[in-house]
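File shown: entry39.cif. Contents: mmCIF, C-alpha atoms and all ligand atoms.
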data_target
loop_
_atom_site.label_atom_id
_atom_site.label_comp_id
_atom_site.auth_asym_id
_atom_site.auth_seq_id
_atom_site.Cartn_x
_atom_site.Cartn_y
_atom_site.Cartn_z
CA MET A 1 -24.53 -6.27 10.38
CA ILE A 2 -22.16 -5.37 13.21
CA GLN A 3 -24.16 -3.78 16.07
CA SER A 4 -22.23 -2.71 19.17
CA SER A 5 -19.04 -0.68 19.59
CA LYS A 6 -15.65 -2.47 19.62
CA ASP A 7 -17.29 -5.37 17.87
CA ILE A 8 -14.77 -6.20 15.15
CA ASP A 9 -12.09 -8.59 16.35
CA VAL A 10 -8.89 -8.26 14.39
CA ALA A 11 -5.39 -9.70 14.38
CA VAL A 12 -2.25 -8.11 12.93
CA PHE A 13 0.30 -10.58 11.58
CA GLY A 14 3.75 -8.97 11.45
CA ALA A 15 3.00 -6.27 14.02
CA THR A 16 6.69 -5.54 14.61
CA GLY A 17 7.48 -4.20 11.13
CA TYR A 18 7.02 -0.59 10.05
CA SER A 19 3.62 -1.04 8.44
CA GLY A 20 2.46 -3.43 11.18
CA PHE A 21 3.39 -0.97 13.94
CA GLU A 22 1.58 1.84 12.08
CA LEU A 23 -1.48 -0.38 11.73
CA VAL A 24 -1.45 -1.32 15.41
CA LYS A 25 -1.51 2.38 16.36
CA LEU A 26 -4.47 3.04 14.05
CA LEU A 27 -6.41 -0.02 15.21
CA LEU A 28 -5.95 0.70 18.93
CA ASN A 29 -7.61 4.09 18.32
CA HIS A 30 -10.35 2.76 16.04
CA PRO A 31 -13.74 3.11 17.75
CA ARG A 32 -15.10 -0.18 16.40
CA VAL A 33 -12.08 -2.48 16.55
CA ARG A 34 -10.74 -4.80 19.23
CA LEU A 35 -7.13 -5.72 18.49
CA GLY A 36 -6.86 -9.08 20.24
CA HIS A 37 -3.73 -10.47 18.62
CA ALA A 38 -0.54 -8.90 17.29
CA THR A 39 2.02 -11.40 16.10
CA SER A 40 5.76 -11.70 15.87
CA GLY A 41 7.41 -14.77 14.41
CA SER A 42 10.82 -14.04 15.90
CA ASN A 43 9.77 -12.42 19.24
CA PRO A 44 6.43 -14.01 20.14
CA ASP A 45 6.93 -13.58 23.90
CA ALA A 46 7.93 -9.91 23.75
CA ASN A 47 5.95 -6.74 24.35
CA LEU A 48 5.77 -4.30 21.43
CA ASN A 49 7.44 -1.66 23.63
CA GLN A 50 10.54 -3.84 23.80
CA LEU A 51 10.87 -3.71 20.01
CA HIS A 52 9.70 -0.19 19.13
CA PRO A 53 10.19 3.12 20.95
CA THR A 54 6.61 3.32 22.18
CA THR A 55 4.77 3.53 25.50
CA LEU A 56 2.08 1.16 24.20
CA ASP A 57 1.73 -1.93 26.35
CA LEU A 58 0.95 -4.63 23.80
CA PRO A 59 1.96 -8.25 24.37
CA LEU A 60 2.80 -10.07 21.16
CA CYS A 61 2.06 -13.68 20.30
CA SER A 62 3.12 -16.25 17.74
CA PRO A 63 1.23 -16.40 14.41
CA GLN A 64 0.30 -20.04 15.08
CA SER A 65 -1.34 -19.18 18.43
CA VAL A 66 -3.98 -16.84 16.96
CA PRO A 67 -7.39 -18.56 17.33
CA LEU A 68 -8.64 -18.17 13.77
CA ASN A 69 -12.26 -18.91 14.69
CA GLU A 70 -12.32 -15.90 17.02
CA ILE A 71 -11.26 -13.18 14.59
CA ASP A 72 -13.34 -11.27 12.05
CA LEU A 73 -10.36 -10.03 10.05
CA ALA A 74 -6.62 -10.62 9.73
CA PHE A 75 -4.22 -7.97 8.48
CA LEU A 76 -0.97 -9.34 7.03
CA CYS A 77 2.08 -7.08 7.26
CA LEU A 78 4.61 -9.71 6.23
CA PRO A 79 7.31 -9.89 3.60
CA HIS A 80 6.04 -11.17 0.26
CA GLY A 81 7.20 -14.38 -1.35
CA ALA A 82 7.25 -18.10 -0.70
CA GLY A 83 8.37 -19.71 2.53
CA PRO A 84 7.07 -20.28 6.06
CA GLY A 85 5.66 -17.20 7.77
CA ARG A 86 5.81 -15.02 4.67
CA GLY A 87 2.79 -13.38 3.06
CA GLN A 88 2.09 -15.96 0.35
CA GLU A 89 1.76 -18.86 2.84
CA GLU A 90 0.07 -16.98 5.66
CA ALA A 91 -2.54 -15.38 3.41
CA ALA A 92 -3.38 -18.79 1.95
CA ARG A 93 -3.52 -20.45 5.40
CA LEU A 94 -5.93 -17.80 6.71
CA ALA A 95 -8.03 -17.57 3.54
CA ARG A 96 -8.46 -21.35 3.45
CA ALA A 97 -9.52 -21.26 7.11
CA GLY A 98 -12.32 -18.87 6.11
CA VAL A 99 -10.83 -15.78 7.76
CA ARG A 100 -11.28 -12.39 6.07
CA VAL A 101 -7.88 -11.12 5.01
CA ILE A 102 -6.30 -7.81 4.05
CA ASP A 103 -2.79 -8.52 2.79
CA LEU A 104 -0.48 -5.50 2.76
CA GLY A 105 2.17 -7.39 0.81
CA GLY A 106 2.38 -7.97 -2.91
CA ASP A 107 1.61 -11.68 -3.29
CA TYR A 108 -2.02 -11.41 -4.38
CA ARG A 109 -2.05 -8.15 -6.36
CA LEU A 110 -1.13 -9.36 -9.84
CA ARG A 111 -3.84 -11.42 -11.49
CA GLU A 112 -1.58 -13.20 -13.98
CA ILE A 113 0.52 -15.99 -12.53
CA ASP A 114 3.16 -15.48 -15.25
CA HIS A 115 3.51 -11.87 -14.18
CA TYR A 116 3.99 -12.91 -10.55
CA ARG A 117 6.66 -15.45 -11.52
CA ARG A 118 8.51 -12.95 -13.68
CA TRP A 119 8.38 -9.88 -11.42
CA TYR A 120 8.62 -11.54 -7.99
CA GLN A 121 11.11 -14.12 -9.27
CA THR A 122 9.57 -16.97 -7.35
CA GLU A 123 6.83 -19.55 -7.80
CA HIS A 124 3.39 -18.98 -6.34
CA ALA A 125 2.26 -21.98 -4.32
CA HIS A 126 -1.33 -20.71 -4.14
CA ALA A 127 -1.98 -19.39 -7.63
CA ASP A 128 -5.56 -20.72 -7.42
CA LEU A 129 -6.29 -17.98 -4.86
CA LEU A 130 -5.05 -15.06 -7.00
CA GLY A 131 -8.45 -14.41 -8.56
CA SER A 132 -10.21 -14.41 -5.19
CA PHE A 133 -8.48 -11.25 -3.93
CA VAL A 134 -9.91 -7.82 -4.77
CA TYR A 135 -7.27 -5.18 -5.50
CA GLY A 136 -7.67 -2.76 -2.61
CA LEU A 137 -7.32 0.66 -4.18
CA SER A 138 -10.22 2.06 -2.15
CA GLU A 139 -11.20 4.89 -4.50
CA PHE A 140 -11.28 2.65 -7.57
CA HIS A 141 -12.75 -0.62 -6.26
CA ARG A 142 -14.94 0.72 -3.46
CA THR A 143 -17.97 -1.42 -4.33
CA ARG A 144 -16.02 -4.62 -4.88
CA ILE A 145 -14.06 -4.13 -1.64
CA ALA A 146 -17.32 -3.72 0.29
CA ASP A 147 -18.30 -7.24 -0.85
CA ALA A 148 -14.85 -8.78 -0.56
CA THR A 149 -13.56 -11.31 1.94
CA ARG A 150 -9.97 -11.04 0.66
CA VAL A 151 -8.25 -7.80 -0.24
CA ALA A 152 -4.80 -7.31 -1.73
CA ASN A 153 -3.76 -3.89 -0.47
CA PRO A 154 -1.88 -2.00 -3.22
CA GLY A 155 1.82 -1.18 -3.12
CA CYS A 156 2.85 2.29 -2.00
CA TYR A 157 4.18 3.54 -5.36
CA PRO A 158 1.22 2.04 -7.28
CA THR A 159 -1.24 3.74 -4.91
CA CYS A 160 0.39 7.12 -5.44
CA THR A 161 0.75 6.83 -9.22
CA ALA A 162 -2.64 5.22 -9.87
CA LEU A 163 -4.46 7.96 -7.95
CA ALA A 164 -2.37 10.57 -9.77
CA LEU A 165 -3.44 9.17 -13.15
CA TYR A 166 -6.95 7.79 -12.48
CA PRO A 167 -8.84 10.76 -14.04
CA LEU A 168 -6.69 10.61 -17.19
CA ALA A 169 -7.05 6.83 -17.46
CA GLU A 170 -10.81 6.75 -17.08
CA ALA A 171 -11.18 9.57 -19.62
CA GLY A 172 -9.17 7.52 -22.14
CA TRP A 173 -6.39 10.11 -22.30
CA LEU A 174 -3.46 7.74 -21.67
CA THR A 175 -2.93 6.82 -25.28
CA GLU A 176 0.42 8.26 -26.35
CA GLY A 177 4.07 7.34 -25.82
CA SER A 178 5.67 6.57 -22.48
CA ILE A 179 4.36 7.74 -19.15
CA VAL A 180 7.49 8.60 -17.15
CA ILE A 181 7.18 8.24 -13.37
CA ASN A 182 10.00 9.59 -11.21
CA ALA A 183 9.24 8.80 -7.61
CA VAL A 184 10.94 9.42 -4.28
CA SER A 185 10.38 7.27 -1.21
CA GLY A 186 11.37 7.63 2.43
CA LEU A 187 13.46 4.88 4.02
CA SER A 188 10.56 3.23 5.89
CA GLY A 189 9.34 2.07 2.46
CA ALA A 190 12.19 -0.43 2.44
CA GLY A 191 11.00 -2.13 5.64
CA ARG A 192 12.76 -2.69 8.95
CA GLY A 193 15.19 -5.38 7.89
CA LEU A 194 18.86 -4.55 7.60
CA LYS A 195 19.62 -3.36 4.07
CA ILE A 196 22.79 -1.56 3.03
CA PRO A 197 21.08 1.30 1.08
CA SER A 198 18.98 2.08 4.17
CA LEU A 199 21.97 2.47 6.50
CA PHE A 200 22.39 6.05 7.78
CA VAL A 201 25.84 6.47 6.26
CA GLU A 202 24.63 5.36 2.83
CA ALA A 203 21.30 7.17 2.79
CA ASN A 204 21.99 10.42 4.63
CA GLU A 205 22.66 13.43 2.36
CA ASN A 206 22.09 11.23 -0.65
CA VAL A 207 19.31 10.42 -3.11
CA THR A 208 19.67 7.14 -4.99
CA PRO A 209 17.67 5.88 -7.96
CA TYR A 210 17.14 2.12 -7.86
CA HIS A 211 15.66 -0.42 -10.31
CA PRO A 212 15.29 2.35 -12.93
CA GLY A 213 13.37 1.82 -16.17
CA GLN A 214 11.04 -1.15 -16.37
CA VAL A 215 12.48 -3.52 -13.80
CA HIS A 216 10.84 -2.69 -10.47
CA ARG A 217 8.04 -5.13 -9.48
CA HIS A 218 5.61 -2.22 -9.22
CA VAL A 219 5.73 -1.68 -13.02
CA PRO A 220 3.26 -4.52 -13.80
CA GLU A 221 1.06 -3.51 -10.86
CA ILE A 222 0.87 0.07 -12.15
CA MET A 223 0.22 -1.15 -15.71
CA GLN A 224 -2.49 -3.58 -14.55
CA THR A 225 -4.29 -0.85 -12.59
CA LEU A 226 -4.10 1.78 -15.34
CA ARG A 227 -5.37 -0.80 -17.83
CA ASP A 228 -8.30 -1.61 -15.52
CA MET A 229 -9.04 2.09 -15.04
CA SER A 230 -8.96 2.92 -18.75
CA GLY A 231 -10.56 -0.31 -19.97
CA ALA A 232 -7.91 -0.48 -22.70
CA GLU A 233 -4.23 -1.13 -23.27
CA ILE A 234 -2.04 1.76 -22.22
CA PRO A 235 1.21 2.53 -24.07
CA SER A 236 4.10 2.03 -21.64
CA VAL A 237 5.41 3.09 -18.27
CA VAL A 238 8.95 4.09 -17.34
CA PHE A 239 9.39 3.98 -13.58
CA VAL A 240 12.37 5.37 -11.68
CA PRO A 241 12.06 5.05 -7.90
CA HIS A 242 14.53 6.94 -5.69
CA LEU A 243 15.47 6.43 -2.06
CA ALA A 244 15.60 9.72 -0.12
CA PRO A 245 16.87 10.39 3.42
CA VAL A 246 13.48 11.00 5.05
CA ASN A 247 11.58 8.62 7.31
CA ARG A 248 8.37 8.45 5.35
CA GLY A 249 6.50 9.70 2.30
CA ILE A 250 6.27 9.13 -1.43
CA LEU A 251 6.37 11.85 -4.05
CA ALA A 252 5.72 10.91 -7.68
CA THR A 253 6.46 13.36 -10.50
CA ILE A 254 4.85 11.98 -13.63
CA HIS A 255 5.17 13.17 -17.23
CA VAL A 256 2.21 12.23 -19.40
CA PRO A 257 2.43 12.86 -23.18
CA LEU A 258 -0.81 14.49 -24.37
CA SER A 259 -0.10 16.16 -27.69
CA GLN A 260 -3.59 15.85 -29.22
CA GLY A 261 -5.63 15.73 -26.08
CA PRO A 262 -7.82 17.98 -24.01
CA SER A 263 -6.97 21.50 -22.83
CA MET A 264 -5.47 22.12 -19.41
CA SER A 265 -8.73 23.55 -18.13
CA GLU A 266 -10.63 20.45 -19.28
CA ILE A 267 -8.09 18.29 -17.48
CA ARG A 268 -8.38 20.32 -14.27
CA GLU A 269 -12.16 20.16 -14.41
CA HIS A 270 -12.02 16.40 -14.87
CA TYR A 271 -9.69 15.92 -11.87
CA ALA A 272 -11.82 18.24 -9.74
CA ALA A 273 -15.01 16.34 -10.60
CA ARG A 274 -13.43 12.90 -10.09
CA TYR A 275 -12.07 13.75 -6.64
CA GLU A 276 -14.65 16.27 -5.41
CA LYS A 277 -16.29 13.80 -3.02
CA GLU A 278 -13.22 11.75 -2.09
CA PRO A 279 -12.31 12.21 1.57
CA PHE A 280 -8.67 11.27 1.03
CA VAL A 281 -7.73 12.61 -2.43
CA HIS A 282 -7.22 16.31 -3.04
CA LEU A 283 -6.49 18.34 -6.16
CA LEU A 284 -4.42 21.34 -5.05
CA ALA A 285 -5.25 24.82 -6.32
CA GLU A 286 -3.64 26.04 -9.54
CA GLY A 287 -0.07 27.16 -8.87
CA ALA A 288 0.42 24.90 -5.83
CA THR A 289 2.82 21.93 -6.05
CA ALA A 290 2.32 18.72 -4.09
CA SER A 291 5.16 17.76 -1.72
CA LEU A 292 5.83 15.16 0.96
CA LYS A 293 4.74 17.54 3.72
CA HIS A 294 1.26 17.86 2.20
CA THR A 295 0.44 14.30 3.26
CA CYS A 296 3.01 13.11 5.80
CA GLY A 297 1.29 11.52 8.83
CA THR A 298 -2.10 11.40 7.07
CA ASN A 299 -4.10 9.04 4.87
CA HIS A 300 -4.47 11.75 2.21
CA THR A 301 -3.23 12.03 -1.36
CA ALA A 302 -2.24 15.48 -2.68
CA ILE A 303 -2.20 16.07 -6.44
CA SER A 304 -1.03 19.07 -8.46
CA LEU A 305 -1.21 19.55 -12.22
CA HIS A 306 1.36 21.38 -14.34
CA PRO A 307 1.16 22.00 -18.11
CA CYS A 308 4.18 21.45 -20.35
CA GLU A 309 4.69 21.39 -24.09
CA GLY A 310 3.07 18.29 -25.60
CA GLY A 311 1.83 17.02 -22.29
CA LEU A 312 1.25 17.34 -18.61
CA VAL A 313 3.19 16.87 -15.38
CA VAL A 314 1.21 15.38 -12.50
CA VAL A 315 2.78 15.56 -9.03
CA ALA A 316 1.31 13.41 -6.26
CA SER A 317 2.26 12.61 -2.69
CA ILE A 318 1.16 10.12 -0.05
CA ASP A 319 2.50 8.80 3.24
CA ASN A 320 3.83 5.35 2.31
CA LEU A 321 2.95 3.88 5.72
CA LEU A 322 -0.60 5.30 5.77
CA LYS A 323 -2.32 5.71 2.38
CA GLY A 324 0.45 3.48 0.95
CA ALA A 325 -0.08 0.70 3.52
CA ALA A 326 -1.77 0.74 6.98
CA GLY A 327 -4.11 3.70 6.40
CA GLN A 328 -5.51 2.31 3.16
CA ALA A 329 -5.85 -1.09 4.87
CA VAL A 330 -8.05 0.51 7.56
CA GLN A 331 -9.99 2.37 4.83
CA ASN A 332 -10.59 -1.01 3.18
CA MET A 333 -11.60 -2.62 6.48
CA ASN A 334 -14.14 0.19 6.95
CA LEU A 335 -15.55 -0.53 3.51
CA MET A 336 -15.68 -4.30 4.16
CA PHE A 337 -17.59 -3.82 7.42
CA GLY A 338 -19.96 -1.10 6.23
CA LEU A 339 -18.41 1.59 8.44
CA PRO A 340 -17.83 5.22 7.45
CA GLU A 341 -14.75 5.13 5.24
CA THR A 342 -12.90 7.72 7.31
CA GLU A 343 -13.49 6.02 10.71
CA GLY A 344 -10.32 5.75 12.78
CA LEU A 345 -8.13 7.53 10.22
CA PRO A 346 -6.14 10.69 10.92
CA CYS A 347 -7.11 13.70 8.84
N1 LIG A 401 6.92 -0.17 4.34
C1 LIG A 401 6.06 0.31 3.43
O1 LIG A 401 6.04 1.52 3.14
C2 LIG A 401 5.12 -0.61 2.73
C3 LIG A 401 5.18 -1.97 2.88
N2 LIG A 401 4.30 -2.78 2.20
C4 LIG A 401 4.35 -4.22 2.33
O2 LIG A 401 3.90 -4.59 3.62
C5 LIG A 401 4.60 -5.75 4.08
C6 LIG A 401 5.32 -5.39 5.39
O3 LIG A 401 6.20 -4.33 5.11
P1 LIG A 401 7.05 -3.59 6.23
O4 LIG A 401 6.23 -3.33 7.40
O5 LIG A 401 7.74 -2.49 5.55
O6 LIG A 401 8.11 -4.73 6.54
P2 LIG A 401 9.14 -4.87 7.75
O7 LIG A 401 10.35 -5.48 7.19
O8 LIG A 401 9.26 -3.58 8.45
O9 LIG A 401 8.42 -5.91 8.69
C7 LIG A 401 7.99 -7.19 8.26
C8 LIG A 401 7.69 -8.01 9.48
O10 LIG A 401 7.32 -9.33 9.06
C9 LIG A 401 7.77 -10.26 10.06
N3 LIG A 401 8.22 -11.51 9.42
C10 LIG A 401 7.56 -12.70 9.47
N4 LIG A 401 8.18 -13.62 8.75
C11 LIG A 401 9.28 -13.06 8.26
C12 LIG A 401 10.32 -13.55 7.44
N5 LIG A 401 10.33 -14.81 6.99
N6 LIG A 401 11.29 -12.70 7.12
C13 LIG A 401 11.28 -11.42 7.57
N7 LIG A 401 10.29 -10.90 8.34
C14 LIG A 401 9.30 -11.72 8.68
C15 LIG A 401 8.87 -9.58 10.82
O11 LIG A 401 8.53 -9.56 12.18
P3 LIG A 401 8.71 -10.78 13.19
O12 LIG A 401 10.05 -11.37 12.98
O13 LIG A 401 8.59 -10.08 14.50
O14 LIG A 401 7.61 -11.69 12.86
C16 LIG A 401 8.90 -8.14 10.37
O15 LIG A 401 8.78 -7.24 11.44
C17 LIG A 401 5.60 -6.12 2.99
O16 LIG A 401 5.04 -7.09 2.15
C18 LIG A 401 5.76 -4.80 2.23
O17 LIG A 401 6.16 -5.00 0.93
C19 LIG A 401 3.33 -2.26 1.40
C20 LIG A 401 3.23 -0.92 1.21
C21 LIG A 401 4.15 0.02 1.84
C1 LIG A 402 11.89 2.41 -0.56
C2 LIG A 402 11.59 0.98 -0.93
O1 LIG A 402 12.45 0.14 -0.95
N1 LIG A 402 10.31 0.71 -1.22
C3 LIG A 402 9.86 -0.61 -1.58
C4 LIG A 402 8.39 -0.59 -1.89
C5 LIG A 402 7.49 -0.78 -0.72
C6 LIG A 402 6.16 -1.41 -1.10
O2 LIG A 402 5.11 -0.85 -1.35
O3 LIG A 402 6.30 -2.65 -1.28
P1 LIG A 402 5.38 -3.87 -1.72
O4 LIG A 402 4.90 -3.69 -3.10
O5 LIG A 402 6.27 -5.02 -1.63
O6 LIG A 402 4.26 -3.94 -0.78
C7 LIG A 402 10.59 -1.12 -2.82
O7 LIG A 402 10.91 -0.35 -3.70
O8 LIG A 402 10.71 -2.34 -2.92
#

Would you encode the structure as structure tokens?
Amino acid sequence: MIQSSKDIDVAVFGATGYSGFELVKLLLNHPRVRLGHATSGSNPDANLNQLHPTTLDLPLCSPQSVPLNEIDLAFLCLPHGAGPGRGQEEAARLARAGVRVIDLGGDYRLREIDHYRRWYQTEHAHADLLGSFVYGLSEFHRTRIADATRVANPGCYPTCTALALYPLAEAGWLTEGSIVINAVSGLSGAGRGLKIPSLFVEANENVTPYHPGQVHRHVPEIMQTLRDMSGAEIPSVVFVPHLAPVNRGILATIHVPLSQGPSMSEIREHYAARYEKEPFVHLLAEGATASLKHTCGTNHTAISLHPCEGGLVVVASIDNLLKGAAGQAVQNMNLMFGLPETEGLPC
């Protein structure tokens, strides 16, 4: 058991990206963490304040220079996929060296290798490690995460939609027709690399659906999680993500067919009971509607419920960089090290 303060030595790989930078800020303020190493593959000799508009004085280093025997935990904030320096390789290198890992990327979330190949459109060079990662949706896998040495942090859209639907899934109420998820994401969700849809001129005063239907790589992740939550097959998911001209936030508006199911008051009671003791998931009062501003800058999830003929609309919001990435990663670290789950997280 960890005894003194500032006694958990961590490294952040990919500290210069959006989620890495967010994580660095959380970790520097965490009462039990010493952030000894923050890496950049392309600017290893730089200071973070040369690459981000920040007054933080944080020298970076190369990924290869991190002394793996001196760290208790590595956070990976790297692009997914095969190739040197990317998440797949780095997670495997660290895991095989015996380092505890929380991977914010998608390489170790899907359990089925065929699913990874199909949805990530690349081979997995370390498929033997897939089963050794616990899926890091804190509220669902709390006990398993506490015992884990490797955690695959969920994607931002899957976090938002899985928490929105968890009470329905565990009650066995996801049995009919297609669940339709329309979701909006801020531009930071696309990462810091140059991408045409994220350019100001393209994104400003515009909202663009992308990968609509059943083609986004988060579809199998959402299906896998809902299946795990319900303990049964679920019908199907239609997922339409949209890019919106805001910096951060995810809002999912989800239609669930429920023609034969429970009454609205039973559903509300079930959500209230499921989330009553959760520090970071909140059912809003009847009549309120979740929006980006409910959760922006926090690790919280806001959920509102709305009846409609033959079903239900669930609206949920998170901050993609916090509950959808760095915040949930810190929540998972807290679980792994036996700390209070809320330690070091903004409320
Ligand atoms: N942004 C979000 O909302 C969320 C992101 N994620 C996941 O977290 C991971 C990081 O995302 P995000 O912070 O947005 O990404 P960014 O694109 O903002 O940053 C990724 C960082 O990885 C480093 N890197 C190392 N190797 C490579 C390489 N071969 N190609 C490109 N970059 C490289 C880069 O820094 P350097 O060159 O300095 O090493 C870069 O700063 C991704 O897997 C993403 O899918 C998950 C949930 C939400
Ligand atoms: C707006 C935007 O582009 N968002 C990203 C999702 C970010 C995320 O959670 O990605 P990972 O699953 O790779 O970790 C996308 O749709 O690809």

field: Contacts of ligand LIG 401 (chain A), 6 Å or closer, all atoms listed in the file, given as a PyMOL selection string
entry: chain A and resi 14+16-20+40-43+77-80+85-86+104-106+155-156+188-193+320-321+324-325

Long-range neighbours of Trp119 of chain A as a list of chain:residue names, 9 Å cut-off, all atoms listed in the file, 6 positions minimum in chain: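 The neighbour list is A:Val215, A:His216, A:Arg217, A:His218, A:Val219, A:Pro220.
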
How would the residues just chosen look if you wrote them out with C-alpha atoms as a PDB file, in the frame of the given file?
ATOM      1  CA  VAL A 215      12.480  -3.520 -13.800  1.00  0.00           C
ATOM      2  CA  HIS A 216      10.840  -2.690 -10.470  1.00  0.00           C
ATOM      3  CA  ARG A 217       8.040  -5.130  -9.480  1.00  0.00           C
ATOM      4  CA  HIS A 218       5.610  -2.220  -9.220  1.00  0.00           C
ATOM      5  CA  VAL A 219       5.730  -1.680 -13.020  1.00  0.00           C
ATOM      6  CA  PRO A 220       3.260  -4.520 -13.800  1.00  0.00           C
TER       7      PRO A 220
END

message: Env of Phe75 of chain A: 6 Å cut, atoms = all atoms listed in the file, seq-sep filter 6 positions within chain, self excluded. Answer as a list in words.
response: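 Answer for this query is Val12, Val101, Ile102 and Asp103 of chain A.
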
- request: Counting all atoms listed in the file, note down every residue that has an atom within 10 Å of the point (6.3, -5.3, 20.9) (file coordinates), as a ChimeraX atom specification.
  value: /A:15-17,21,38-40,43-54,56-61

With C-alpha atoms kept, could you save the residues just selected as a PDB file, in the frame of the given file?
ATOM      1  CA  ALA A  15       3.000  -6.270  14.020  1.00  0.00           C
ATOM      2  CA  THR A  16       6.690  -5.540  14.610  1.00  0.00           C
ATOM      3  CA  GLY A  17       7.480  -4.200  11.130  1.00  0.00           C
ATOM      4  CA  PHE A  21       3.390  -0.970  13.940  1.00  0.00           C
ATOM      5  CA  ALA A  38      -0.540  -8.900  17.290  1.00  0.00           C
ATOM      6  CA  THR A  39       2.020 -11.400  16.100  1.00  0.00           C
ATOM      7  CA  SER A  40       5.760 -11.700  15.870  1.00  0.00           C
ATOM      8  CA  ASN A  43       9.770 -12.420  19.240  1.00  0.00           C
ATOM      9  CA  PRO A  44       6.430 -14.010  20.140  1.00  0.00           C
ATOM     10  CA  ASP A  45       6.930 -13.580  23.900  1.00  0.00           C
ATOM     11  CA  ALA A  46       7.930  -9.910  23.750  1.00  0.00           C
ATOM     12  CA  ASN A  47       5.950  -6.740  24.350  1.00  0.00           C
ATOM     13  CA  LEU A  48       5.770  -4.300  21.430  1.00  0.00           C
ATOM     14  CA  ASN A  49       7.440  -1.660  23.630  1.00  0.00           C
ATOM     15  CA  GLN A  50      10.540  -3.840  23.800  1.00  0.00           C
ATOM     16  CA  LEU A  51      10.870  -3.710  20.010  1.00  0.00           C
ATOM     17  CA  HIS A  52       9.700  -0.190  19.130  1.00  0.00           C
ATOM     18  CA  PRO A  53      10.190   3.120  20.950  1.00  0.00           C
ATOM     19  CA  THR A  54       6.610   3.320  22.180  1.00  0.00           C
ATOM     20  CA  LEU A  56       2.080   1.160  24.200  1.00  0.00           C
ATOM     21  CA  ASP A  57       1.730  -1.930  26.350  1.00  0.00           C
ATOM     22  CA  LEU A  58       0.950  -4.630  23.800  1.00  0.00           C
ATOM     23  CA  PRO A  59       1.960  -8.250  24.370  1.00  0.00           C
ATOM     24  CA  LEU A  60       2.800 -10.070  21.160  1.00  0.00           C
ATOM     25  CA  CYS A  61       2.060 -13.680  20.300  1.00  0.00           C
TER      26      CYS A  61
END

message: Between atom CA of Ala244 of chain A and atom CA of His282 of chain A, what is the distance in Å, rounded to a tenth?
response: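 Atom CA of His282 of chain A lies at a distance of 23.9 Å from atom CA of Ala244 of chain A.
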
- request: Pick out the closest residue to ligand LIG 402 (chain A) from this set: A:Ser263, A:Gln224, A:Gln328, A:Ser185. Count all atoms listed in the file.
  value: A:Ser185

query: What separation in Å, quoted to one decimal, exists between atom CA of Phe337 of chain A and atom CA of Arg150 of chain A?
result: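 Computing it gives 12.5 Å between the two atoms.
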
field: Nearest residue to ligand LIG 402 (chain A) from the set A:Val66, A:Ala97, A:Leu168, A:Ala183 (distances using all atoms listed in the file)
entry: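 Residue with the minimum atom-to-atom distance to ligand LIG 402 (chain A): A:Ala183.
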
- prompt: Suppose you want the space between atom CA of Gly311 of chain A and atom CA of Val240 of chain A; what is it in Å?
  reply: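 Between atom CA of Gly311 of chain A and atom CA of Val240 of chain A the gap is 19.0 Å.
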
Emit a file covering segment 239-252 of chain A of the preceding structure with C-alpha atoms, as a compact mmCIF listing (two decimals), in the first residue's frame.
# COMPACT_ATOMS: atom_id res chain seq x y z
CA PHE A 239 -24.29 6.07 -34.67
CA VAL A 240 -24.04 9.51 -36.27
CA PRO A 241 -21.22 11.65 -34.86
CA HIS A 242 -21.11 15.36 -35.73
CA LEU A 243 -18.28 17.85 -35.55
CA ALA A 244 -19.35 21.16 -33.97
CA PRO A 245 -17.43 24.45 -33.73
CA VAL A 246 -16.72 24.34 -29.99
CA ASN A 247 -13.41 23.51 -28.33
CA ARG A 248 -14.59 20.66 -26.17
CA GLY A 249 -17.56 18.57 -25.10
CA ILE A 250 -19.70 15.68 -26.29
CA LEU A 251 -23.47 15.66 -26.36
CA ALA A 252 -25.26 12.42 -27.27
